[in-house]
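First comes the structure, then the notes that go with it.
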Amino acid sequence: ADAPVTQDRLLNPDKEEGNWLLHHRNYAAHRFARLDQINRENVKNLKVAWTMALGGVEGGGIWTHGGLEGTPLAEDGFLYVTDGWGSVYKIDAHGGRGKLVWKMDPKTDKDWAGAVACCGVDNRGVALWNDKVISHTLDGRLIATDKKTGDVAWQAQLADPDKGEVITGAPLVVKDMAITGVAGAEYGIRGWIAATDLKTGKEIWRTYTIPAKGEPGSETWQDEHNAAATGGGSTWVTGSYDPATNTLYWGVGNPGPDWDHEYRPGDNLFTDSTLALDADTGRIKWHFQHTPNDPFDYDSVSEKVLVDLPDGKKLAIEADRNGFAYALDRSNGQFVWGMPFVKRVSWTKGLDPKTGKPMEYDPNKPIQPYLGKPDRTNTVATICPGNMGGKNWPPTAYNPDLKLWYIPVIESCNQITVKPAVPGESFKPREFFTGGGPKQPERITGSITAVDVATGKIAGKLETPYPLLGGMLATPDLVFTGHPSGEITAHDAKTLEKLWEFNTGSGLNAPPMTFVVDGKQYVAILAGVGGAWDKWFIDSTPELKSMQPGSMLFVFAL
Ligand SMILES: O=C(O)c1cc(C(=O)O)c2c(n1)C(=O)C(=O)c1cc(C(=O)O)[nH]c1-2
Ligand SMILES: [Ca+2]
């Protein structure tokens, strides 16, 4: 127990299947555990083993309460979990019950940060490095905590809420560095990804997602009022890493202002893009932009899942908010396949099979002519997927044996109203800079959608009454997910048939994970409604308005 977490251990999570050492379980972001004590034959007997009440439910800024979106990490029988305000809890899971070892409360400035958190009091988890637990706070800090004692060893201020920057994603530890993404594209930030040296606490590199004047990509900001300065391009979901090429894969969020794309003529690189970066320098090796000159708020922040196929193809696959799943050649960013994974897509006829760009895309046009888009002429428009996207941040899972990839889907349309942004007037620090806003005139549902990665075809779709806002876990013959109505469910990995459910009593906005302690397999999930849904989208699921916030860790066993 409490052995140092070395780079070698992070590179070889398969050697310690009972642990869960990285946010997405491995650097390839598979969220697949080869543990089969709990399987399709016996999962119906899964029941609560123990629970633990956590804190962090209090509000701050524009938020009435905090929520839980974190993925617990597990190392040698100890769990490391966060609440929305960035408190870290070390829990001893030995002996069939949970015991709090320590809690590190970073004393987050709740009003300072909560006033510029677009989408909830969110913290998606920690990283492990050496003898430290590495975590983020909503008010922009990176913190290294002593794993044994819970004492803060050092901290660094990376993001600045005065500029509308906060941090919601989990850090990714690579080679003694913490990689951090930033949130704030709804507040006119200039997005970045940063690497901090964990030995010194000093910054190693910071790569901006919006090029400065004269840099490659700056020609895609064609306005005359310096729209790039408030161009968004947040990086708020933890990426993946390919050690063979020392490459980070990271997604970039929406351009700002979200809805008024006439304010920012041009493709607006590198918003809504997949980036491949050199892990040592932060240099951008290649990019692929999914929604150029986006008028829909389709952040491309989803994790890039790294998949090696028997035919030698090395892919980075992504389920984009714009409703399409993409497979890119991860060595060069070339488009391999793409297809809609949601039932309804209204904004494009489809992807060009050669380039992967939307059919309507014209590189010579400053304003892209997507179908039925909201703009200054048609100020009110219905878009599908709605602006939460076909999939938001909740992570997918990939079963490499079955070559099946499971997407937690939001099946939706919603209504957008454009309010043109005015140069020199509309942008104010710490205020929303969105150029309009959404409404929810119709019901929104969900699905587990399984994709055969070898063919790029949908292999199954299990429709769910509510959108999936928590994310997926895959084991050899099962998939698990959480529902905003409170249930955690287990499904057959091939047919998606529901085999088990348990209602936790609060909306689930966090991904399930699994671990082993004392030789026994457990499944864990954080329960506590949070995130964007219950403030901005609840009108599409009105009966969920009665859901009360909470803050609990649930752990299940046979
Ligand atoms: O552009 C951004 O910086 C940013 C950040 C976040 C976030 O950090 O949670 C969300 C979004 N955008 C966003 O567009 C969105 O729909 C969203 C949903 C959630 C959530 O936790 O439920 N966060 C965010
Ligand atoms: Ca966004």
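So you can find residues: chains in the structure tokens are A, B, ... in the order shown, residues in each start at 1, and ligands are numbered from 1 in order.
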Show me, as a tab-separated table, the residues of chain A having an atom within 8 Å of ligand 2, each with the closest atom pair and its distance in Å, using only C-alpha atoms and all ligand atoms.
residue	atom	partner	partner_atom_place_in_ligand_line	distance
A:Cys118	CA	ligand 2	1 (Ca)	7.9
A:Ala183	CA	ligand 2	1 (Ca)	7.7
A:Gly184	CA	ligand 2	1 (Ca)	7.2
A:Ala185	CA	ligand 2	1 (Ca)	5.4
A:Glu186	CA	ligand 2	1 (Ca)	5.8
A:Ser234	CA	ligand 2	1 (Ca)	7.2
A:Gly253	CA	ligand 2	1 (Ca)	5.6
A:Asn254	CA	ligand 2	1 (Ca)	5.3
A:Asp258	CA	ligand 2	1 (Ca)	7.8
A:Asp297	CA	ligand 2	1 (Ca)	6.3
A:Tyr298	CA	ligand 2	1 (Ca)	7.4
A:Asp299	CA	ligand 2	1 (Ca)	5.5
Give me, as an mmCIF file with C-alpha atoms, in the first residue's frame, all polymer residues having an atom no more than 8 Å from Val409 (chain A), counting only C-alpha atoms and skipping those fewer than 6 positions away in the same chain.
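Output contents, as saved in out25.cif:
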data_model
loop_
_atom_site.group_PDB
_atom_site.id
_atom_site.type_symbol
_atom_site.label_atom_id
_atom_site.label_comp_id
_atom_site.auth_asym_id
_atom_site.auth_seq_id
_atom_site.Cartn_x
_atom_site.Cartn_y
_atom_site.Cartn_z
ATOM 1 C CA VAL A 342 -27.449 9.985 -32.527
ATOM 2 C CA GLY A 390 -24.953 14.066 -28.829
ATOM 3 C CA LYS A 391 -22.429 13.311 -26.126
ATOM 4 C CA GLY A 446 -30.757 9.087 -24.229
ATOM 5 C CA SER A 447 -29.187 5.841 -25.308
ATOM 6 C CA ILE A 448 -26.251 3.554 -24.893
ATOM 7 C CA THR A 449 -24.929 3.359 -28.430
ATOM 8 C CA PRO A 467 -29.957 11.408 -21.376
ATOM 9 C CA LEU A 468 -26.800 9.680 -20.175
#
From A:Tyr187, A:Phe427, A:Phe502, A:Trp63, residue lying nearest ligand 1 [only C-alpha atoms and all ligand atoms]: A:Tyr187
Taking only C-alpha atoms and all ligand atoms and a cut-off of 9 Å, can you tell me which residues surround ligand 1, written as a ChimeraX atom specification? /A:67,69,117-124,138,165-169,182-187,189,191,232-237,252-256,258,297-299,301,321,387-389,392-394,469-470,509,530-534
Filtered DSSP result for region 69-268 of chain A, state strand (DSSP E or B), as a PyMOL selection string: chain A and resi 73-75+78-82+88-92+99-104+127-130+132-136+141-146+152-157+166+172-174+177-181+183+190+192-197+203-208+232+240-242+247-252+255
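One finds CA of Lys304 (chain A) at 22.8 Å from CA of Asp477 (chain A).
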Straight-line distance linking CA of Lys498 (chain A) with CA of Tyr27 (chain A), stated in Å to one decimal: 28.9 Å
Set the distance at 10 Å and use only C-alpha atoms: which residues neighbour Thr200 (chain A) once local chain neighbours fewer than 3 positions away are removed? I'd like the list as a VMD selection string. chain A and resid 154 176 to 177 196 to 197 203 to 204
Take the residues that were just selected and, keeping N, CA and C atoms, output them as a PDB file, in the first residue's frame.
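Wrote it out as again-v3.pdb, contents follow:
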ATOM      1  N   TRP A 154       2.420  21.360  -2.005  1.00  0.00           N
ATOM      2  CA  TRP A 154       2.559  22.632  -2.711  1.00  0.00           C
ATOM      3  C   TRP A 154       1.346  22.843  -3.595  1.00  0.00           C
ATOM      4  N   ASP A 176       6.240  12.722 -14.949  1.00  0.00           N
ATOM      5  CA  ASP A 176       6.509  13.750 -13.932  1.00  0.00           C
ATOM      6  C   ASP A 176       5.936  15.122 -14.268  1.00  0.00           C
ATOM      7  N   MET A 177       4.945  15.150 -15.162  1.00  0.00           N
ATOM      8  CA  MET A 177       4.241  16.402 -15.447  1.00  0.00           C
ATOM      9  C   MET A 177       2.760  16.192 -15.158  1.00  0.00           C
ATOM     10  N   THR A 196       2.779  21.122 -15.970  1.00  0.00           N
ATOM     11  CA  THR A 196       3.496  21.568 -14.773  1.00  0.00           C
ATOM     12  C   THR A 196       4.467  20.470 -14.335  1.00  0.00           C
ATOM     13  N   ASP A 197       5.677  20.867 -14.023  1.00  0.00           N
ATOM     14  CA  ASP A 197       6.696  19.944 -13.531  1.00  0.00           C
ATOM     15  C   ASP A 197       6.346  19.575 -12.083  1.00  0.00           C
ATOM     16  N   GLU A 203       5.809  25.701 -14.260  1.00  0.00           N
ATOM     17  CA  GLU A 203       5.243  25.421 -15.576  1.00  0.00           C
ATOM     18  C   GLU A 203       6.343  25.027 -16.565  1.00  0.00           C
ATOM     19  N   ILE A 204       6.081  23.971 -17.369  1.00  0.00           N
ATOM     20  CA  ILE A 204       7.030  23.549 -18.402  1.00  0.00           C
ATOM     21  C   ILE A 204       6.619  24.114 -19.755  1.00  0.00           C
TER      22      ILE A 204
END
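Distances from A:Gly460, A:Val453, A:Trp536, A:Lys357 to Asn414 (chain A) were compared using only C-alpha atoms, and the smallest one belongs to A:Trp536.
Residue nearest Phe515 (chain A) within the list A:Ala557, A:Leu309, A:Leu544, A:Cys384: A:Ala557 [criterion: smallest interatomic distance, only C-alpha atoms].
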Residue neighbourhood Val57 (chain A), 9 Å, only C-alpha atoms, exclusion window fewer than 3 positions, as a PDB file with C-alpha atoms, in the first residue's frame:
ATOM      1  CA  LEU A  54     -19.180  13.234   1.222  1.00  0.00           C
ATOM      2  CA  THR A  64     -27.266  26.768  -5.572  1.00  0.00           C
ATOM      3  CA  HIS A  65     -25.422  23.487  -4.908  1.00  0.00           C
ATOM      4  CA  GLY A  66     -22.408  21.404  -5.837  1.00  0.00           C
ATOM      5  CA  GLY A  67     -22.537  18.057  -7.606  1.00  0.00           C
ATOM      6  CA  LEU A  68     -20.385  14.989  -8.162  1.00  0.00           C
ATOM      7  CA  ASP A  83     -16.329  16.564  -4.553  1.00  0.00           C
ATOM      8  CA  GLY A  84     -17.302  19.471  -6.813  1.00  0.00           C
ATOM      9  CA  TRP A  85     -15.378  22.045  -4.779  1.00  0.00           C
ATOM     10  CA  VAL A 121     -19.630  23.041  -9.466  1.00  0.00           C
ATOM     11  CA  GLY A 528     -25.081  13.727  -6.448  1.00  0.00           C
ATOM     12  CA  PRO A 549     -28.873  17.292  -4.477  1.00  0.00           C
ATOM     13  CA  GLY A 550     -26.789  14.886  -2.447  1.00  0.00           C
ATOM     14  CA  SER A 551     -23.198  13.776  -2.099  1.00  0.00           C
TER      15      SER A 551
END
Spatial neighbours of Pro4 (chain A), 9 Å, only C-alpha atoms, chain gap at least 5 places, as a VMD selection string: chain A and resid 128 to 132
Dump of C-alpha atoms for the selected residues, as a PDB file, in the first residue's frame:
ATOM      1  CA  LEU A 128      -1.624   9.887  -8.662  1.00  0.00           C
ATOM      2  CA  TRP A 129       2.079  10.648  -8.916  1.00  0.00           C
ATOM      3  CA  ASN A 130       4.896   9.322  -6.790  1.00  0.00           C
ATOM      4  CA  ASP A 131       3.785   9.796  -3.165  1.00  0.00           C
ATOM      5  CA  LYS A 132       1.336  12.600  -3.997  1.00  0.00           C
TER       6      LYS A 132
END
With only C-alpha atoms as the counted atoms, please give the residues lying no more than 12 Å from Lys545 (chain A), apart from itself and same-chain residues fewer than 3 positions off, as a compact mmCIF listing (two decimals) with N, CA and C atoms, in the first residue's frame.
# COMPACT_ATOMS: atom_id res chain seq x y z
N PRO A 484 -29.60 10.10 -14.93
CA PRO A 484 -29.93 11.29 -14.14
C PRO A 484 -31.14 11.10 -13.23
N SER A 485 -31.89 10.02 -13.45
CA SER A 485 -33.01 9.68 -12.56
C SER A 485 -32.54 8.85 -11.37
N SER A 506 -30.21 9.95 -5.97
CA SER A 506 -29.86 11.29 -6.46
C SER A 506 -29.41 11.13 -7.90
N GLY A 507 -29.56 12.18 -8.68
CA GLY A 507 -29.19 12.08 -10.09
C GLY A 507 -27.73 11.67 -10.25
N VAL A 529 -26.55 14.97 -7.90
CA VAL A 529 -26.89 15.68 -9.14
C VAL A 529 -26.10 16.98 -9.23
N TRP A 533 -27.02 20.06 -16.32
CA TRP A 533 -28.40 19.65 -16.61
C TRP A 533 -29.44 20.35 -15.75
N ASP A 534 -29.25 20.31 -14.43
CA ASP A 534 -30.37 20.75 -13.59
C ASP A 534 -30.52 22.26 -13.53
N LYS A 535 -29.61 22.99 -14.18
CA LYS A 535 -29.82 24.44 -14.30
C LYS A 535 -30.29 24.81 -15.71
N TRP A 536 -29.63 24.27 -16.73
CA TRP A 536 -29.86 24.77 -18.09
C TRP A 536 -30.77 23.89 -18.94
N PHE A 537 -30.93 22.63 -18.59
CA PHE A 537 -31.64 21.70 -19.49
C PHE A 537 -32.83 21.00 -18.86
N ILE A 538 -33.09 21.31 -17.57
CA ILE A 538 -34.06 20.53 -16.81
C ILE A 538 -35.48 20.62 -17.39
N ASP A 539 -35.78 21.70 -18.12
CA ASP A 539 -37.13 21.84 -18.70
C ASP A 539 -37.46 20.72 -19.67
N SER A 540 -36.45 20.03 -20.18
CA SER A 540 -36.71 18.93 -21.10
C SER A 540 -36.99 17.62 -20.37
N THR A 541 -36.77 17.62 -19.07
CA THR A 541 -37.08 16.44 -18.24
C THR A 541 -37.71 16.95 -16.94
N PRO A 542 -38.91 17.58 -17.05
CA PRO A 542 -39.44 18.36 -15.90
C PRO A 542 -39.60 17.54 -14.62
N GLN A 548 -33.32 15.87 -5.51
CA GLN A 548 -32.59 16.68 -4.53
C GLN A 548 -31.09 16.45 -4.66
N PRO A 549 -30.31 17.50 -4.46
CA PRO A 549 -28.87 17.29 -4.48
C PRO A 549 -28.44 16.40 -3.31
Can you work out which one of A:Trp221, A:Phe554, A:Trp250, A:Trp112 has the shortest atom-to-atom distance to Tyr522 (chain A), counting only C-alpha atoms?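 Comparing A:Trp221, A:Phe554, A:Trp250, A:Trp112 against Tyr522 (chain A), the winner is A:Phe554.
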